[in-house]
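Only one structure is covered here, and it is reproduced in the block below.
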Amino acid sequence: MRLTEDVLRKVKRPTSGQVLLWDDLLQGFGVRLTPTRCAYVVQWRETDGRRPREGLRRFWPGTPIAEARELARARLGEVLTPAEGNAGLPLRVAMRQWFERQGEIADWRPRYRTKVDGLIRHYIEGEVSERINLTPALRAAVLEVGAKPVGSVTRSDVLRLADGIKRGAADQLLAVLSSFYNYMFDRGVEIVNPARNRLRIFGGRRTRTRALSEAEFLTLWRALEGEGDPALGAFATLAYTGVRRREATQMRWSEVDLKRATWTLPPERRKTGKRDPEPFVIHLHPAMLAILKRQPVLKNSPFVFWGRRDKRPFEFNHSLMLRLKALGLAEWRLHDLRRMVRSGLGRLGVTQTVAEMCLGHLAKSGLVAVYDQHSYASEKRAAWALWGDHLSSLIAARARKAKRET
């Protein structure tokens with residue numbers, strides 16, 4: 001949370017022991033609450049793994065939070081190692097150090113960590129990849145900017161990189177660069193963030209609204225029938241449940257109850273798990289249940305859909321996606337299937353609240369979240385059944401048509 005005087009006035013102090021509240025604006029700055037005191041603190045991580053914590057000043061009725069935050073910023077700058085606080089390091093070296101440090105102390109999801117690592121490797125360090133085609137001029141620009149001292153990188157340098165790559169990757173790169181420079185500033189390195197206000201560069205974040213049509217879905221289904229399992233099974237899971245890609249491909253047998261026809265996603269496997277810590281129970285349609293029952297079990301592997309490499313989960317790999325893209329569908333992504341499910345639930349008459357909850361979204365906010373404590377479990381179960389029946393009828397009709405044509 002963002003610490004303010006108003007927040008600290010309203011928060012309840014513990015009757016015993018202590019409670020620590022950490023600030024969203026400055027990592028390592030927080031407030032320690034005890035039954036009798038409220039004090040500012042700073043905490044950081046040493047290279048040997050220790051986490052020293054120091055008090056700054058007593059809170060009430062003393063220093064305002066804005067001033068205490070600046071004191072914390074200065075103190076964190078003093079205790080950093082020279083490598084972390086050196087604006088003269090090459091950008092590629094400093095960002096790699098930042099990435100490794102954040103990987104140790106930040107609560108990054110594995111998927112996000114992999115994404116940031118790839119952005120740094122390809123667009124800052126200049127690593128060559130067969131999947132990312134950079135022009136010779138852009139590759140030279142990457143190497144040049146990556147070799148520049150952190151404090152010498154300009155906005156024009158950043159735009160040179162962003163303008164030469166795809167829009168989505170450019171937006172992600174700018175976000176990572178901005179986070180890195182904010183981190184440096186928070187630790188006392190007085191340099192300008194060349195990626196500040198990054199969304200204005202493209203006129204705002206682009207929201208994707210593409211949803212697969214039923215005809216496009218059937219085209220993909222027919223192609224994946226030729227691929228067979230686990231590709232077909234994972235695709236069917238996306239289609240029947242509306243979950244996110246990695247929630248489906250990393251499905252574990254421990255999460256599935258075939259007798260009760262339920263799939264329980266734990267919070268740590270969900271994007272919204274921190275804000276919604278309750279397990280997410282999905283009721284499986286009979287057609288989806290049949291697909292799961294035919295999946296072979298790999299000994300000592302927890303995954304329902306497993307890949308070829310030593311018990312790792314299945315993934316929609318590059319070669320498979322190339323074959324699917326060759327079907328001639330307009331630019332599409334697997335996540336478009338999730339929008340197809342949501343749109344389909346709406347067309348079938350499922351209420352907005354229930355449809356959003358079927359996708360695992362936080363559908364209730366504000367006063368609604370306070371007063372509406374109904375779980376909507378039976379309504380969600382009926383919605384999944386209705387959608388599953390509709391999807392199964394589409395697949396069956398397509399199979400009958402294909403049979404007549406042959």
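By order of appearance in the structure tokens: chains A, B, ..., then residues from 1 within every chain, and ligands from 1 in the order shown.
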
**Prompt:** What lies within 10 Å of region 393-402 of chain A using only C-alpha atoms, ignoring chain neighbours under 5 positions off, as a ChimeraX atom specification?
**Reply:** /A:214-215,217-219,221-222,387-388

**Polymer residues at most 10 Å from Arg338 (chain A), only C-alpha atoms, same-chain spacing of 4 or more positions, as a PyMOL selection string** = chain A and resi 210-212+238-245+333-334+342-344+359

**Message:** Could you go through region 156-390 of chain A and tell me which residues DSSP, when run on the backbone, assigns to alpha helix (DSSP H), listing them as a ChimeraX atom specification?
**Reply:** /A:156-164,167-186,198-201,214-227,231-241,245-249,286-293,318-325,335-347,352-358,366-371,377-390

Per residue of region 248-271 of chain A within 7 Å of region 276-297 of chain A, note the shortest atom pair and the distance in Å to one decimal, counting only C-alpha atoms, and order the rows by chain and increasing residue number, as a tab-separated table.
```
residue	atom	partner	partner_atom	distance
A:Ala261	CA	A:Leu284	CA	5.2
A:Thr262	CA	A:His283	CA	4.6
A:Trp263	CA	A:Ile282	CA	5.0
A:Thr264	CA	A:Val281	CA	4.4
A:Leu265	CA	A:Phe280	CA	5.0
A:Pro266	CA	A:Pro279	CA	4.8
A:Pro267	CA	A:Pro277	CA	5.3
```

Prev. selection, C-alpha atoms, output as a PDB file, in the first residue's frame:
```
ATOM      1  CA  ALA A 261     -15.655 -33.178 -11.779  1.00  0.00           C
ATOM      2  CA  THR A 262     -13.833 -30.196 -10.287  1.00  0.00           C
ATOM      3  CA  TRP A 263     -10.524 -28.478 -10.854  1.00  0.00           C
ATOM      4  CA  THR A 264      -9.227 -26.380  -7.942  1.00  0.00           C
ATOM      5  CA  LEU A 265      -6.648 -23.741  -8.834  1.00  0.00           C
ATOM      6  CA  PRO A 266      -4.593 -22.644  -5.799  1.00  0.00           C
ATOM      7  CA  PRO A 267      -3.958 -18.888  -5.354  1.00  0.00           C
TER       8      PRO A 267
END
```

Which residues in region 136-356 of chain A does DSSP call strand (DSSP E or B)? List them as a compact mmCIF listing (two decimals) with C-alpha atoms, in the first residue's frame.
```txt
# COMPACT_ATOMS: atom_id res chain seq x y z
CA PRO A 149 26.91 4.35 -18.90
CA ARG A 252 -1.60 -30.79 -11.97
CA VAL A 256 -8.24 -32.32 -10.30
CA ASP A 257 -11.02 -34.36 -8.69
CA THR A 262 -13.83 -30.20 -10.29
CA TRP A 263 -10.52 -28.48 -10.85
CA THR A 264 -9.23 -26.38 -7.94
CA LEU A 265 -6.65 -23.74 -8.83
CA PHE A 280 -10.67 -21.10 -7.46
CA VAL A 281 -12.95 -24.10 -8.07
CA ILE A 282 -13.89 -24.84 -11.68
CA HIS A 283 -16.69 -27.31 -12.45
CA PHE A 303 1.40 -32.50 -14.70
CA TRP A 306 3.44 -33.07 -19.95
CA PRO A 313 4.68 -29.35 -18.45
```

**Message:** Report as a PyMOL selection string all protein, DNA and RNA residues lying within 12 Å of Gly30 (chain A), evaluated on only C-alpha atoms, omitting residues in the same chain fewer than 4 positions from it.
**Reply:** chain A and resi 1-4+8+19-26+38-44+53-57+59+65-66+68-69+71-73

Requested write-out: C-alpha atoms of the selected residues, as a CSV table (one decimal), in the first residue's frame:
```csv
chain,number,residue,atom,x,y,z
A,1,MET,CA,0.0,0.0,0.0
A,2,ARG,CA,1.1,3.6,-0.4
A,3,LEU,CA,1.8,4.9,3.1
A,4,THR,CA,0.1,8.2,4.0
A,8,LEU,CA,-1.5,5.3,9.6
A,19,VAL,CA,3.3,-5.1,12.6
A,20,LEU,CA,5.3,-3.9,9.6
A,21,LEU,CA,3.6,-1.9,6.8
A,22,TRP,CA,5.7,-1.5,3.6
A,23,ASP,CA,5.4,1.4,1.2
A,24,ASP,CA,4.6,0.8,-2.5
A,25,LEU,CA,6.4,4.0,-3.6
A,26,LEU,CA,9.8,3.1,-2.1
A,38,CYS,CA,4.7,4.0,15.4
A,39,ALA,CA,8.2,4.4,13.8
A,40,TYR,CA,9.7,4.7,10.3
A,41,VAL,CA,12.1,1.9,9.3
A,42,VAL,CA,14.3,1.0,6.3
A,43,GLN,CA,15.4,-2.4,5.4
A,44,TRP,CA,17.7,-3.7,2.7
A,53,ARG,CA,16.6,-3.0,9.4
A,54,GLU,CA,17.0,0.5,10.9
A,55,GLY,CA,14.7,2.9,12.5
A,56,LEU,CA,14.5,6.4,11.0
A,57,ARG,CA,12.4,8.6,13.3
A,59,PHE,CA,6.2,8.8,13.6
A,65,ILE,CA,5.7,10.6,5.6
A,66,ALA,CA,6.9,12.5,2.5
A,68,ALA,CA,10.5,10.4,6.0
A,69,ARG,CA,10.4,8.8,2.5
A,71,LEU,CA,15.2,10.3,4.5
A,72,ALA,CA,14.8,6.6,3.7
A,73,ARG,CA,15.8,7.2,0.1
```

**Item:** Atomic separation - CA of Val350 (chain A) relative to CA of Ser375 (chain A), Å
**Value:**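 Computing the Euclidean distance for CA of Ser375 (chain A) and CA of Val350 (chain A) yields 15.5 Å.
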
**Request:** Have a look at CA of Thr272 (chain A) and CA of His374 (chain A) and let me know their distance in Å, one decimal.
**Result:**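 So the answer is 19.1 Å.
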